[in-house]
Amino acid sequence: MTKLRNSFQYIFLIIASAVSVFPLFWMLIAATNKSADVLRGTLVPGGYLMENLKTLMAAQPVVSSMLNSFKYAVVLTIISLVICSLAGYGFEIYHDKGKDFVMSIILLAMMVPFAATMIPLFRMFSNASLLNTTLGFILPSISTPFLIMMFRQSARSFPHDIIEAARIDGLNEIGIFFKMFIPTMRSTYAAAMVITFMNAWNNYLWPKVIMSDDSSMTMPMLIANLTAGYTTDYGSLMLGVLLCTIPTIIVFFVLQKSFAEGITGSVK
Amino acid sequence: MKKRIISGLLVASMAFALLTGCGNKSEKESTESSGDENTLTVWCWDPAFNINAIQEAEKIYQKDNPEFQLEVVETPWEDLQTKLTTAASSNQIDTLPDIVLMQDDAFQKNVISYSDAFVDLTDTAIDFSQFAEGKVSASIVDGANYGVPFDNGAVIACYREDILEQAGFTTAEFEDITWDQYIQQGKVVLEKTGKPLLSCLAGETDVLAMMLRSAGGGFFDEEGNALIADNEILKEVVETYIELVKSGVLIEVNDWDQYIGSLNNETVAGTINGCWIMASIQTAENQAGKWKITNMPKLDGTSSATNYANQGGSSWAVTKGSKNPELAADFLGSTFGGSVELYDNILSTGAIATYQPAADSEKYAQTNDFFGGEEVYTKIVEYASEVPDTINGVYFYEARDAVGTAITNIIAGADISTELKTAQETVEFNMQ
């Protein structure tokens, strides 16, 4: 009986995973084929990978876009992790009614879609001459309500006894945060890192609006460029998508274990 | 304790200032390079097509103006529209480049909505009478010229000569015909070869818009009011379209890639679109010599009906963000508005002129082996000169989408006049 149920479960899971892996598989196949073959719907790897790579490199500044994307994503991830975790920690550990009120306002801000604030933001950034700059890219998403909330929730499970003990042992408040909180909450940081990095890497609308210089282009912008013409080279487009996906895949797999722990909020 | 926190904050703010410093520096550098008197910045989107064209234009202009430099920023059309909207609505016109390329469908909408953003080119040295009239009309607002025409969007009908032959036809028999004849002959082709004559995107109104424009019609009257429910031309267009779908002569596909696929994979025996579609057709190298080109069918019951229309195509506009609009206008005027050499150079990429003198050059008389060894370019320029004037209006996209929804419902069985009335109300609501 259980065996039968198990086999059903497995069949279901196999189908589900096949369905979710297929687009990735197809992307890989398409990257090795000619544009015309991709349109024909071929599922066999072709020998056109190097040609596609050559076309892609010739048409677009792949290397500099990759470096830009890395620069923006890494800088944003580091700064926003520090800021949001400090904020979340502060909201929970030095908890009082006023801070609760501020927190609810921050959460309200989460409900405002980015498109609604984009035009005023653009105006501010343009007046501050921040167009085409790294700072311009990172500032709007440097502190997100979601991350603050995530760190506040995980700080809730951080034992207050540790803080008391540390205070008695003479550690100052900043020290407690850096020496006690951060090492304990490593998995939360990992989860936050994956989320922030992916968001920063995939961010499209805002960089598109403020970056109008080929030298500050990011990978998602590059891919959009590949689809803009009257004729699209699907082979090199898929190769571009593949190149753009690899870094997020790596980040996710490296931090996968901690990510799962962090999202469920466990403390070791 | 407090001191430590303060010192921590200080360090943080210093790090911040440092970052800001870097930011400002690179910003200054970039404005310096483009703030140069002889440098113009351009936004456009297709490296194989319009980017190549403007770079060719740069080379030609440099012959007389060696100092001149162009900085082209590749920006897909949808993003260009977003950036334009953002810059114009936040009143930051000076963040715009000197020149932008704009889709003809959206030209009037943008000029009317953001009237402070574009330079009126009427009184410049550009001679607009040299361009095909139907093309120039797309970038005229209140009698003023705001755009220098770039690529030709003249509609062509492409047929697979070899497939038509199997059904006993030739492409010549599809020249100067009406939609009625098209459907009759299409049915025969479908019966004998199993291939429809035409494919298009479900829920999109490209084919409808072409039919409408070919009779000088549009979704709006001259005062800009929505003209959908009581639009006799549109009614005939919709009826013809439904007939096309029901007879199986037209198959609807779900996205652009499938549409291109239906051409390259021999699912259909032909297509009707702006002449820029030739570039996509030619990617299927194994079909060389099998295609032929002629004009599109015309409506039967409308007196203003012709076999010609525009679909797609784009024009250059000079923005008020330009520090040197005179240079920008002179550059466009002496290249796209005055150089046959430029149009000769870009012809191989599929950029066909609406600049009439270009059509007389030798290059345009060349035959094209892919399209049955005929003089296709001369043909297309001729078609372009026959295109009737049309008004797109500010709300063209809204009207197009509303009519698209109506079509989907009519195909599913709804009543034509009721659906068109709903579309009219939707557009009027959007216009409020």
# chains A, B, ... in the order shown; residues from 1 in each chain; ligands from 1
$ closest_atom_pairs --of "chain B" --to "chain A" --cutoff "6 Å" --atoms "only C-alpha atoms" --output "CSV"
residue,atom,partner,partner_atom,distance
B:Gly23,CA,A:Thr133,CA,5.1
B:Asp46,CA,A:Gly229,CA,4.5
B:Val73,CA,A:Asp214,CA,5.9
B:Pro76,CA,A:Ala228,CA,5.1
B:Lys83,CA,A:Val209,CA,5.4
B:Thr86,CA,A:Ile119,CA,5.6
B:Ser90,CA,A:Arg123,CA,5.5
B:Gly261,CA,A:Leu39,CA,5.6
B:Ser280,CA,A:Thr231,CA,5.4
$ write_last_selection --atoms "C-alpha atoms" --output "CSV table (one decimal), in the first residue's frame"
chain,number,residue,atom,x,y,z
B,23,GLY,CA,29.3,58.6,-8.6
B,46,ASP,CA,18.3,47.7,-33.8
B,73,VAL,CA,22.8,54.3,-27.2
B,76,PRO,CA,14.8,48.9,-27.2
B,83,LYS,CA,12.4,56.6,-20.5
B,86,THR,CA,9.6,59.3,-17.3
B,90,SER,CA,9.1,64.5,-14.3
B,261,GLY,CA,8.1,30.5,-37.4
B,280,SER,CA,12.8,37.9,-41.3
$ residues_around --residues "region 138-149 of chain A" --least-positions-apart "5" --cutoff "7 Å" --atoms "only C-alpha atoms" --output "PyMOL selection string"
chain A and resi 72+76+79-80+83-85+87-88+106-107+110+192
$ write_last_selection --atoms "C-alpha atoms" --output "mmCIF file, in the first residue's frame"
data_model
loop_
_atom_site.group_PDB
_atom_site.id
_atom_site.type_symbol
_atom_site.label_atom_id
_atom_site.label_comp_id
_atom_site.auth_asym_id
_atom_site.auth_seq_id
_atom_site.Cartn_x
_atom_site.Cartn_y
_atom_site.Cartn_z
ATOM 1 C CA TYR A 72 25.883 46.770 -8.792
ATOM 2 C CA LEU A 76 23.909 46.643 -3.191
ATOM 3 C CA ILE A 79 25.208 47.609 1.910
ATOM 4 C CA SER A 80 21.586 46.626 2.120
ATOM 5 C CA ILE A 83 21.520 48.480 6.839
ATOM 6 C CA CYS A 84 18.455 46.237 6.913
ATOM 7 C CA SER A 85 19.820 43.856 9.512
ATOM 8 C CA ALA A 87 17.305 48.179 11.353
ATOM 9 C CA GLY A 88 15.559 44.853 11.937
ATOM 10 C CA ILE A 106 7.591 50.916 6.769
ATOM 11 C CA LEU A 107 5.374 47.927 6.080
ATOM 12 C CA MET A 110 5.833 47.819 0.980
ATOM 13 C CA ALA A 192 18.699 37.617 2.625
#
$ select_by_dssp --residues "region 5-196 of chain A" --states "helix (DSSP H, G or I)" --output "ChimeraX atom specification"
/A:5-31,35-40,49-59,62-93,97-110,114-127,134-141,145-156,160-168,173-184,186-196
$ residues_around --residues "Ser187 (chain A)" --least-positions-apart "3" --cutoff "7 Å" --atoms "only C-alpha atoms" --output "JSON, numbers by chain"
{"A": [190, 191, 258, 259, 261, 262]}
$ residues_around --residues "Phe158 (chain A)" --least-positions-apart "2" --cutoff "8 Å" --atoms "only C-alpha atoms" --output "JSON, numbers by chain"
{"A": [154, 155, 156, 160, 181, 267]}
$ write_last_selection --atoms "N, CA and C atoms" --output "PDB file, in the first residue's frame"
ATOM      1  N   SER A 154      13.612  37.378  12.540  1.00  0.00           N
ATOM      2  CA  SER A 154      14.625  36.426  12.982  1.00  0.00           C
ATOM      3  C   SER A 154      15.297  36.911  14.267  1.00  0.00           C
ATOM      4  N   ALA A 155      15.332  38.238  14.470  1.00  0.00           N
ATOM      5  CA  ALA A 155      15.894  38.743  15.724  1.00  0.00           C
ATOM      6  C   ALA A 155      15.009  38.335  16.902  1.00  0.00           C
ATOM      7  N   ARG A 156      13.731  38.089  16.610  1.00  0.00           N
ATOM      8  CA  ARG A 156      12.794  37.671  17.647  1.00  0.00           C
ATOM      9  C   ARG A 156      13.224  36.334  18.237  1.00  0.00           C
ATOM     10  N   HIS A 160      17.424  36.590  24.190  1.00  0.00           N
ATOM     11  CA  HIS A 160      17.803  37.805  24.902  1.00  0.00           C
ATOM     12  C   HIS A 160      18.847  37.541  25.989  1.00  0.00           C
ATOM     13  N   PHE A 181      25.239  38.682  17.204  1.00  0.00           N
ATOM     14  CA  PHE A 181      24.058  38.522  16.352  1.00  0.00           C
ATOM     15  C   PHE A 181      24.407  37.978  14.961  1.00  0.00           C
ATOM     16  N   VAL A 267      17.504  28.976  14.468  1.00  0.00           N
ATOM     17  CA  VAL A 267      18.711  29.502  15.104  1.00  0.00           C
ATOM     18  C   VAL A 267      19.524  28.326  15.587  1.00  0.00           C
TER      19      VAL A 267
END
$ closest_residue --among "B:Ile293, B:Ile54, B:Ala106, B:Val245" --to "Glu78 (chain B)" --atoms "only C-alpha atoms"
B:Ala106
$ closest_residue --among "A:Thr188, A:Thr245, A:Gln256, A:Ser216" --to "Lys71 (chain A)" --atoms "only C-alpha atoms"
A:Ser216
$ select_by_dssp --residues "region 148-247 of chain B" --states "strand (DSSP E or B)" --output "VMD selection string"
chain B and resid 148 to 149 154 to 160 178 198 to 201 220 226
$ write_last_selection --atoms "N, CA and C atoms" --output "compact mmCIF listing (two decimals), in the first residue's frame"
# COMPACT_ATOMS: atom_id res chain seq x y z
N VAL B 148 11.78 63.35 -39.02
CA VAL B 148 12.41 63.09 -40.30
C VAL B 148 12.20 61.60 -40.60
N PRO B 149 11.47 61.26 -41.67
CA PRO B 149 11.17 59.87 -41.96
C PRO B 149 12.43 59.02 -42.07
N ALA B 154 5.92 50.57 -46.01
CA ALA B 154 4.93 50.23 -47.03
C ALA B 154 4.57 48.75 -46.93
N VAL B 155 3.28 48.47 -47.01
CA VAL B 155 2.82 47.10 -46.86
C VAL B 155 3.07 46.32 -48.15
N ILE B 156 3.62 45.12 -47.99
CA ILE B 156 3.80 44.24 -49.13
C ILE B 156 3.09 42.93 -48.84
N ALA B 157 2.64 42.27 -49.88
CA ALA B 157 2.12 40.92 -49.73
C ALA B 157 3.17 39.98 -50.30
N CYS B 158 3.64 39.04 -49.48
CA CYS B 158 4.66 38.10 -49.95
C CYS B 158 4.01 36.73 -50.14
N TYR B 159 4.31 36.10 -51.24
CA TYR B 159 3.74 34.78 -51.50
C TYR B 159 4.83 33.79 -51.86
N ARG B 160 4.57 32.51 -51.47
CA ARG B 160 5.45 31.43 -51.89
C ARG B 160 5.01 30.98 -53.27
N THR B 178 -8.96 42.29 -54.87
CA THR B 178 -9.74 42.69 -53.69
C THR B 178 -9.65 41.58 -52.65
N LEU B 198 -2.20 33.19 -44.95
CA LEU B 198 -1.82 34.29 -44.07
C LEU B 198 -1.82 33.82 -42.62
N SER B 199 -0.85 34.33 -41.84
CA SER B 199 -0.90 34.07 -40.40
C SER B 199 -0.79 35.42 -39.70
N CYS B 200 -1.40 35.52 -38.53
CA CYS B 200 -1.22 36.75 -37.76
C CYS B 200 -1.42 36.46 -36.28
N LEU B 201 -1.11 37.44 -35.45
CA LEU B 201 -1.16 37.25 -34.01
C LEU B 201 -2.60 37.39 -33.51
N PHE B 220 -10.06 57.22 -35.52
CA PHE B 220 -10.50 58.53 -35.04
C PHE B 220 -10.88 59.43 -36.20
N ALA B 226 -13.19 59.38 -31.06
CA ALA B 226 -13.16 57.97 -31.41
C ALA B 226 -14.22 57.68 -32.45
$ residues_around --residues "Val194 (chain A)" --least-positions-apart "5" --cutoff "10 Å" --atoms "only C-alpha atoms" --output "ChimeraX atom specification"
/A:77,188-189,199-200,248-249,251-256,258-259
$ write_last_selection --atoms "N, CA and C atoms" --output "tab-separated table (two decimals), in the first residue's frame"
chain	number	residue	atom	x	y	z
A	77	THR	N	24.06	44.34	-2.38
A	77	THR	CA	23.79	43.27	-1.43
A	77	THR	C	24.50	43.56	-0.10
A	188	THR	N	20.08	33.35	8.22
A	188	THR	CA	19.19	34.44	7.79
A	188	THR	C	19.92	35.35	6.81
A	189	TYR	N	21.18	35.63	7.13
A	189	TYR	CA	21.96	36.47	6.23
A	189	TYR	C	22.10	35.83	4.85
A	199	ASN	N	17.41	39.88	-6.73
A	199	ASN	CA	16.62	41.06	-7.09
A	199	ASN	C	17.49	42.10	-7.79
A	200	ALA	N	18.69	42.31	-7.23
A	200	ALA	CA	19.57	43.32	-7.81
A	200	ALA	C	20.00	42.89	-9.21
A	248	THR	N	23.25	33.78	-10.90
A	248	THR	CA	22.23	33.59	-9.87
A	248	THR	C	22.13	32.12	-9.49
A	249	ILE	N	22.32	31.24	-10.48
A	249	ILE	CA	22.29	29.81	-10.17
A	249	ILE	C	23.41	29.47	-9.19
A	251	VAL	N	25.07	31.47	-7.10
A	251	VAL	CA	24.80	32.04	-5.77
A	251	VAL	C	23.78	31.20	-5.03
A	252	PHE	N	22.73	30.79	-5.76
A	252	PHE	CA	21.69	30.02	-5.09
A	252	PHE	C	22.22	28.67	-4.61
A	253	PHE	N	22.96	27.96	-5.47
A	253	PHE	CA	23.41	26.63	-5.07
A	253	PHE	C	24.42	26.68	-3.94
A	254	VAL	N	25.28	27.70	-3.96
A	254	VAL	CA	26.27	27.80	-2.89
A	254	VAL	C	25.57	28.03	-1.55
A	255	LEU	N	24.54	28.85	-1.56
A	255	LEU	CA	23.90	29.23	-0.31
A	255	LEU	C	22.60	28.45	-0.06
A	256	GLN	N	22.35	27.42	-0.89
A	256	GLN	CA	21.06	26.74	-0.84
A	256	GLN	C	20.67	26.24	0.55
A	258	SER	N	21.79	27.09	3.60
A	258	SER	CA	21.51	28.16	4.54
A	258	SER	C	20.24	28.90	4.16
A	259	PHE	N	19.98	28.98	2.84
A	259	PHE	CA	18.79	29.68	2.38
A	259	PHE	C	17.53	29.03	2.94
$ closest_residue --among "B:Thr267, B:Thr39, B:Gln282, B:Gln92" --to "Leu190 (chain B)" --atoms "only C-alpha atoms"
B:Thr267
$ residues_around --residues "Ser69 (chain A)" --least-positions-apart "5" --cutoff "8 Å" --atoms "only C-alpha atoms" --output "list in words"
Trp201, Met217, Thr218 and Met219 of chain A
$ atom_distance --atom1 "CA of Thr170 (chain B)" --atom2 "CA of Ser348 (chain B)"
27.0 Å
$ atom_distance --atom1 "CA of Phe131 (chain B)" --atom2 "CA of Ala351 (chain B)"
14.7 Å
$ closest_residue --among "B:Asp120, B:Asp64, B:Glu425, B:Glu382" --to "Asn295 (chain B)" --atoms "only C-alpha atoms"
B:Glu382
$ closest_residue --among "B:Trp276, B:Gly312, B:Pro196, B:Met211" --to "Ser262 (chain B)" --atoms "only C-alpha atoms"
B:Pro196
$ atom_distance --atom1 "CA of Ala229 (chain B)" --atom2 "CA of Ser214 (chain B)"
19.2 Å
